[in-house]
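Engineer: Input file: query07.csv. Contents: CSV, C-alpha atoms.
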```csv
chain,number,residue,atom,x,y,z
V,1314,MET,CA,169.0,-56.2,12.0
V,1315,ASP,CA,170.8,-59.4,11.1
V,1316,SER,CA,172.5,-61.4,13.9
V,1317,ASN,CA,176.2,-61.0,14.3
V,1318,TYR,CA,177.1,-64.5,15.6
V,1319,LYS,CA,179.3,-64.8,18.7
V,1320,PRO,CA,179.2,-67.7,21.2
V,1321,TYR,CA,177.5,-66.8,24.5
V,1322,ASN,CA,179.7,-66.9,27.6
V,1323,HIS,CA,177.8,-67.0,30.9
V,1324,ILE,CA,180.8,-65.7,32.9
V,1325,ASP,CA,181.1,-62.6,30.7
V,1326,SER,CA,177.3,-62.3,30.9
V,1327,ALA,CA,177.4,-62.2,34.7
V,1328,ARG,CA,180.1,-59.5,34.6
V,1329,ARG,CA,178.1,-57.4,32.2
V,1330,ILE,CA,174.9,-57.7,34.2
V,1331,LYS,CA,176.8,-56.5,37.4
V,1332,ASN,CA,178.4,-53.6,35.5
V,1333,TYR,CA,175.1,-52.3,34.1
V,1334,LEU,CA,173.4,-52.5,37.5
V,1335,THR,CA,176.1,-50.9,39.5
V,1336,ASP,CA,177.9,-48.5,37.1
V,1337,SER,CA,177.5,-45.1,38.8
V,1338,LYS,CA,179.0,-43.3,35.7
V,1339,GLN,CA,175.8,-43.8,33.7
V,1340,GLN,CA,174.2,-40.4,33.3
V,1341,PHE,CA,170.5,-39.6,32.6
V,1342,GLU,CA,169.9,-36.0,31.7
V,1343,GLU,CA,166.7,-34.1,32.1
V,1344,ILE,CA,165.9,-32.1,28.9
V,1345,ASN,CA,162.8,-30.5,27.3
V,1346,SER,CA,162.8,-32.3,23.9
V,1347,LEU,CA,164.1,-35.5,22.5
V,1348,PRO,CA,167.7,-35.4,21.2
V,1349,ASP,CA,169.1,-37.0,18.0
V,1350,ARG,CA,169.7,-40.6,18.6
V,1351,ASP,CA,173.4,-40.3,17.7
V,1352,ARG,CA,173.8,-38.6,21.1
V,1353,LEU,CA,173.0,-41.9,22.8
V,1354,THR,CA,175.7,-44.3,24.2
V,1355,PHE,CA,175.4,-47.4,26.3
V,1356,SER,CA,176.2,-45.2,29.4
V,1357,ASN,CA,173.7,-42.3,29.1
V,1358,GLY,CA,170.1,-41.5,28.6
V,1359,PHE,CA,167.7,-38.6,28.4
V,1360,TYR,CA,164.4,-37.8,30.1
V,1361,ALA,CA,162.3,-35.7,27.8
V,1362,ASN,CA,158.8,-34.7,26.9
V,1363,CYS,CA,157.3,-36.4,23.8
V,1364,SER,CA,154.2,-37.8,22.3
V,1365,ALA,CA,153.3,-41.3,21.2
V,1366,ILE,CA,150.8,-42.5,18.6
V,1367,PHE,CA,149.7,-46.1,18.4
V,1368,VAL,CA,147.5,-47.6,15.7
V,1369,ASP,CA,146.2,-51.1,16.0
V,1370,ILE,CA,143.9,-53.3,13.9
V,1371,ARG,CA,140.9,-54.3,16.0
V,1372,GLU,CA,139.9,-58.0,16.1
V,1373,SER,CA,143.0,-58.8,14.0
V,1374,SER,CA,143.0,-62.4,15.4
V,1375,GLN,CA,139.8,-63.1,13.4
V,1376,LEU,CA,141.2,-62.0,10.0
V,1377,PRO,CA,143.0,-65.3,9.2
V,1378,ALA,CA,139.6,-67.0,9.4
V,1379,HIS,CA,138.4,-64.7,6.5
V,1380,TYR,CA,141.5,-64.4,4.4
V,1381,LYS,CA,144.1,-66.9,3.2
V,1382,ARG,CA,147.7,-65.9,3.8
V,1383,PRO,CA,148.5,-64.3,0.4
V,1384,ARG,CA,145.5,-62.0,0.7
V,1385,LEU,CA,146.1,-61.3,4.4
V,1386,ALA,CA,149.7,-60.4,3.6
V,1387,ARG,CA,148.5,-57.9,0.9
V,1388,ILE,CA,146.2,-56.2,3.5
V,1389,TYR,CA,149.0,-55.9,6.0
V,1390,ARG,CA,151.5,-54.6,3.5
V,1391,ALA,CA,149.1,-51.9,2.3
V,1392,TYR,CA,148.0,-50.9,5.9
V,1393,LEU,CA,151.5,-50.9,7.4
V,1394,SER,CA,153.1,-49.1,4.4
V,1395,GLU,CA,150.7,-46.2,4.6
V,1396,LEU,CA,150.8,-45.8,8.4
V,1397,VAL,CA,154.6,-45.6,8.2
V,1398,ALA,CA,154.2,-43.0,5.4
V,1399,ILE,CA,151.9,-41.0,7.5
V,1400,PHE,CA,154.2,-41.1,10.6
V,1401,ASN,CA,157.2,-40.4,8.5
V,1402,GLY,CA,155.6,-37.3,7.1
V,1403,ASP,CA,156.1,-35.4,10.4
V,1404,PRO,CA,159.6,-33.9,10.6
V,1405,ASN,CA,159.5,-34.3,14.4
V,1406,THR,CA,159.1,-38.1,14.3
V,1407,ARG,CA,162.0,-39.8,16.1
V,1408,GLU,CA,161.0,-43.5,16.0
V,1409,ILE,CA,158.6,-45.7,14.1
V,1410,ASN,CA,158.1,-49.3,15.1
V,1411,ILE,CA,156.0,-52.1,13.7
V,1412,ALA,CA,154.9,-54.8,16.1
V,1413,GLY,CA,152.6,-57.4,14.4
V,1414,ASP,CA,149.5,-55.5,13.2
V,1415,ALA,CA,150.3,-52.4,15.3
V,1416,THR,CA,152.4,-49.5,14.3
V,1417,TRP,CA,153.5,-46.8,16.7
V,1418,ALA,CA,155.7,-43.7,16.6
V,1419,VAL,CA,157.4,-41.5,19.2
V,1420,ILE,CA,157.4,-37.8,18.2
V,1421,ASN,CA,159.3,-34.9,19.6
V,1422,THR,CA,156.7,-32.3,20.7
V,1423,PRO,CA,158.4,-29.5,22.6
V,1424,THR,CA,155.6,-27.1,21.7
V,1425,LYS,CA,151.8,-27.3,21.7
V,1426,SER,CA,151.6,-26.8,18.0
V,1427,ASP,CA,153.7,-30.0,17.7
V,1428,ILE,CA,151.1,-31.9,19.7
V,1429,ASP,CA,148.4,-30.6,17.3
V,1430,ALA,CA,150.5,-32.0,14.5
V,1431,VAL,CA,150.5,-35.5,16.1
V,1432,PHE,CA,146.7,-35.2,16.4
V,1433,SER,CA,146.6,-34.5,12.7
V,1434,LEU,CA,148.6,-37.8,12.2
V,1435,GLY,CA,145.8,-39.6,14.0
V,1436,ALA,CA,143.1,-38.0,11.8
V,1437,LYS,CA,145.1,-39.0,8.7
V,1438,ALA,CA,145.4,-42.6,9.9
V,1439,ASN,CA,141.6,-42.7,10.4
V,1440,SER,CA,141.0,-41.3,6.9
V,1441,MET,CA,143.6,-43.7,5.4
V,1442,ALA,CA,141.7,-46.7,6.9
V,1443,LYS,CA,138.5,-45.5,5.0
V,1444,VAL,CA,140.4,-45.5,1.7
V,1445,LEU,CA,141.9,-49.0,2.5
V,1446,ASN,CA,138.5,-50.4,3.2
V,1447,TYR,CA,137.1,-48.9,0.0
V,1448,GLU,CA,139.9,-50.5,-2.1
V,1449,MET,CA,139.4,-53.8,-0.3
V,1450,ARG,CA,135.7,-53.8,-1.2
V,1451,ARG,CA,136.6,-53.1,-4.9
V,1452,ALA,CA,139.1,-56.0,-4.8
V,1453,SER,CA,136.5,-58.4,-3.2
V,1454,TYR,CA,137.9,-58.4,0.3
V,1455,ASN,CA,134.6,-59.0,2.1
V,1456,ARG,CA,135.6,-58.1,5.6
V,1457,PRO,CA,136.8,-54.5,6.3
V,1458,ILE,CA,139.3,-53.6,9.0
V,1459,LYS,CA,138.8,-51.4,12.0
V,1460,VAL,CA,141.6,-49.5,13.6
V,1461,GLY,CA,142.0,-48.0,17.1
V,1462,ILE,CA,144.2,-44.9,17.3
V,1463,GLY,CA,145.7,-43.9,20.7
V,1464,MET,CA,147.7,-40.8,21.4
V,1465,SER,CA,149.4,-39.7,24.6
V,1466,TRP,CA,151.9,-37.1,25.8
V,1467,GLY,CA,154.3,-37.3,28.7
V,1468,ARG,CA,157.8,-37.8,29.8
V,1469,ALA,CA,160.0,-40.7,28.6
V,1470,LEU,CA,163.4,-42.0,29.3
V,1471,MET,CA,165.3,-42.5,26.0
V,1472,ILE,CA,168.2,-45.0,26.1
V,1473,LYS,CA,170.3,-47.1,23.8
V,1474,ALA,CA,169.9,-50.8,24.5
V,1475,GLY,CA,171.5,-53.9,23.0
V,1476,HIS,CA,174.8,-55.8,23.2
V,1477,ASN,CA,177.7,-53.4,23.3
V,1478,GLY,CA,180.1,-54.2,20.5
V,1479,SER,CA,177.8,-56.4,18.6
V,1480,GLY,CA,176.3,-53.8,16.3
V,1481,ILE,CA,172.9,-55.0,17.4
V,1482,ASN,CA,171.1,-52.2,19.4
V,1483,ASP,CA,168.0,-50.0,19.3
V,1484,VAL,CA,166.6,-47.0,21.0
V,1485,VAL,CA,164.1,-47.8,23.8
V,1486,TYR,CA,161.6,-45.3,25.2
V,1487,MET,CA,160.7,-46.1,28.8
V,1488,GLY,CA,157.8,-44.6,30.6
V,1489,ASP,CA,154.0,-44.5,30.5
V,1490,VAL,CA,153.7,-42.5,27.3
V,1491,VAL,CA,154.0,-45.4,24.8
V,1492,ASN,CA,152.2,-47.9,27.0
V,1493,GLU,CA,149.3,-45.5,27.5
V,1494,ALA,CA,149.0,-44.8,23.8
V,1495,ALA,CA,148.8,-48.6,23.2
V,1496,LYS,CA,146.1,-49.0,25.8
V,1497,LEU,CA,144.1,-46.2,24.3
V,1498,ALA,CA,144.4,-47.6,20.8
V,1499,ASN,CA,143.0,-50.9,22.2
V,1500,TYR,CA,140.0,-49.0,23.5
V,1501,GLY,CA,139.4,-47.1,20.3
V,1502,ASN,CA,136.8,-48.6,17.9
V,1503,SER,CA,136.0,-51.3,20.4
V,1504,SER,CA,132.8,-53.3,20.7
V,1505,LEU,CA,131.7,-50.7,23.3
V,1506,GLY,CA,130.9,-48.3,20.6
V,1507,VAL,CA,134.0,-46.1,21.2
V,1508,PRO,CA,135.1,-43.9,18.3
V,1509,PRO,CA,138.5,-44.8,16.7
V,1510,LEU,CA,140.5,-41.8,18.1
V,1511,VAL,CA,141.4,-41.9,21.8
V,1512,THR,CA,143.7,-39.4,23.6
V,1513,SER,CA,145.0,-39.2,27.1
V,1514,SER,CA,143.9,-36.2,29.2
V,1515,ASN,CA,147.4,-34.7,29.1
V,1516,PHE,CA,147.4,-34.9,25.4
V,1517,HIS,CA,144.0,-33.4,25.1
V,1518,SER,CA,144.8,-30.5,27.4
V,1519,ASN,CA,147.7,-29.5,25.1
V,1520,LEU,CA,145.6,-29.3,22.0
V,1521,ASN,CA,144.3,-26.0,20.5
V,1522,ASP,CA,140.7,-25.0,21.1
V,1523,HIS,CA,139.5,-26.3,17.7
V,1524,ASN,CA,141.0,-29.8,18.2
V,1525,ARG,CA,139.9,-30.1,21.8
V,1526,LYS,CA,136.3,-29.5,20.7
V,1527,LEU,CA,136.4,-32.4,18.2
V,1528,LEU,CA,136.7,-34.8,21.2
V,1529,ASN,CA,134.4,-35.9,23.9
V,1530,TYR,CA,135.3,-36.9,27.5
V,1531,ASP,CA,134.9,-40.6,28.3
V,1532,SER,CA,134.4,-40.7,32.1
V,1533,SER,CA,134.8,-44.5,32.3
V,1534,ARG,CA,138.4,-44.4,31.0
V,1535,LYS,CA,139.2,-40.8,31.8
V,1536,CYS,CA,140.2,-40.1,28.3
V,1537,TYR,CA,138.9,-38.3,25.2
V,1538,THR,CA,137.4,-39.9,22.1
V,1539,GLY,CA,136.3,-38.8,18.7
V,1540,GLU,CA,135.6,-39.7,15.0
V,1541,VAL,CA,138.1,-37.3,13.5
V,1542,ILE,CA,139.2,-37.3,9.9
V,1543,ASN,CA,141.6,-35.3,7.7
V,1544,VAL,CA,139.5,-32.7,5.8
V,1545,ALA,CA,141.6,-32.8,2.6
V,1546,MET,CA,141.6,-36.6,2.5
V,1547,GLU,CA,137.9,-36.8,3.2
V,1548,GLU,CA,137.1,-34.4,0.3
V,1549,TRP,CA,139.3,-36.5,-2.0
V,1550,PHE,CA,137.6,-39.6,-0.8
V,1551,LYS,CA,134.1,-38.2,-1.6
V,1552,GLU,CA,135.2,-37.2,-5.1
V,1553,ASN,CA,137.2,-40.3,-6.0
V,1554,CYS,CA,135.9,-43.3,-4.0
V,1555,LYS,CA,132.3,-43.7,-5.2
```
Rewrite the structure from the file as structure tokens, please.

Structural biologist:
Amino acid sequence: MDSNYKPYNHIDSARRIKNYLTDSKQQFEEINSLPDRDRLTFSNGFYANCSAIFVDIRESSQLPAHYKRPRLARIYRAYLSELVAIFNGDPNTREINIAGDATWAVINTPTKSDIDAVFSLGAKANSMAKVLNYEMRRASYNRPIKVGIGMSWGRALMIKAGHNGSGINDVVYMGDVVNEAAKLANYGNSSLGVPPLVTSSNFHSNLNDHNRKLLNYDSSRKCYTGEVINVAMEEWFKENCK
């Protein structure tokens, strides 16, 4: 969002800080699923169950040494475009964010079948990376990318944050669920030989029997990992990417 210029006043700032820290009228409601963001104000918030998925390019700091900026920009645009498309394909997705070479989403998952749907997003992201690397090879991009995909489930505090009256604000999700997904993504596809998909124990325990069996327990990190793909995308890949 573009900046809406207004001179900063430190006296007004001190007053606002005090009000935010001491205002007892702020209400934080405990609910079972994430509400629509238009229910948020600068004086409320909601605790709710949700899932987070985080996808990160591994060793991305080394990519500028292999690709000049125009080619690197093309890689990032293709990668980020399709991740957003995958996340946006779930009707329960509440928030999609891009942070550098990482993309993450917060998804409303009030039922276990909703958590299985998030797991499917991770499989699609993994299969999409295979297609991206194939097209990169065809276009003479000589270094493929690797992605780590982290998924977690838990409780988060959803609040509206920004400067009241400025028009500049965003929804912030506070809690371990997003941070955990980011850490798990950083572990996935690492130099330790870890598969790309990594889930938290809580996320894994909410999956159906079929999906749970696709993952293996990693005792060193107390999480579950696997090389999981989307079957339809894999069949298309085998037929069309030769």

Engineer: Point out the residue among V:Phe1341, V:Phe1432, V:Phe1359, V:Trp1417 with the least atom-to-atom distance to Asn1543 (chain V), counting only C-alpha atoms.

Structural biologist: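 Looking at the shortest contact to Asn1543 (chain V), the residue is V:Phe1432.
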
Engineer: Using all atoms listed in the file, which residue out of V:Asp1403, V:Asp1483, V:Ile1366, V:Ser1440 lies closest to Ser1465 (chain V)?

Structural biologist: V:Ile1366

Engineer: Which of these, V:Ala1474, V:Ala1398, V:Met1449, V:Val1491, has the shortest distance to Thr1512 (chain V) once you count all atoms listed in the file?

Structural biologist: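 Checking each candidate against Thr1512 (chain V), we get V:Val1491 as the closest.
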
Engineer: Have a look at V:Gly1467, V:Gly1488, V:Gly1506, V:Pro1320 and name the one nearest to Ser1346 (chain V); count only C-alpha atoms.

Structural biologist: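 Smallest distance to Ser1346 (chain V) is found for V:Gly1467.
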
Engineer: With all atoms listed in the file as the atoms that count, which of V:Thr1424, V:Asn1439, V:Ser1364, V:Asn1405 lies nearest to Asn1492 (chain V)?

Structural biologist: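 Of V:Thr1424, V:Asn1439, V:Ser1364, V:Asn1405, the one nearest Asn1492 (chain V), counting all atoms listed in the file, is V:Ser1364.
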
Engineer: Would you compute the distance between CA of Lys1526 (chain V) and CA of Phe1400 (chain V)? Give it in Å to one decimal.

Structural biologist: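 These atoms are spaced 23.6 Å apart.
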
Engineer: What lies within 8 Å of Val1511 (chain V) using only C-alpha atoms, ignoring chain neighbours under 3 positions off, as number ranges by chain?

Structural biologist: V: 1461-1464, 1497-1498, 1500-1501, 1508, 1536-1539

Engineer: Near Trp1549 (chain V), counting only C-alpha atoms, which residues have an atom at most 10 Å away, once you skip same-chain residues fewer than 5 positions from it, shown as a list in words?

Structural biologist: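 Those residues are Val1444, Val1544 and Cys1554 of chain V.
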
Engineer: Grab the CA of Arg1328 (chain V) to CA of Ala1469 (chain V) distance for me, in Å with one decimal place.

Structural biologist: 28.2 Å

Engineer: Could you check how far CA of Arg1371 (chain V) sits from CA of Ala1442 (chain V), in Å to one decimal?

Structural biologist: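 Atom-to-atom, CA of Arg1371 (chain V) to CA of Ala1442 (chain V), that is 11.9 Å.
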
Engineer: Rank V:Ala1494, V:Cys1363, V:Val1507, V:Ile1388 by their smallest atom-to-atom distance to Gly1435 (chain V), using all atoms listed in the file, and report the top residue only.

Structural biologist: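 Using all atoms listed in the file, Gly1435 (chain V) sits closest to V:Ala1494.
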
Engineer: Which polymer residues have any atom within 9 Å of an atom of Glu1547 (chain V), counting all atoms listed in the file, with same-chain residues fewer than 5 positions away left out, as a PyMOL selection string?

Structural biologist: chain V and resi 1440+1443+1542+1552

Engineer: Pick out the residues sitting within 12 Å of Val1397 (chain V), and hand them over as a list in words; count all atoms listed in the file, and ignore anything fewer than 5 positions along from it in its own chain.

Structural biologist: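 Those residues are Ile1366, Phe1367, Val1368, Tyr1389, Arg1390, Ala1391, Tyr1392, Gly1402, Asp1403, Thr1406, Glu1408, Ile1409, Asn1410, Ile1411, Ala1415, Thr1416, Trp1417, Ala1418, Leu1434, Lys1437, Ala1438 and Met1441 of chain V.
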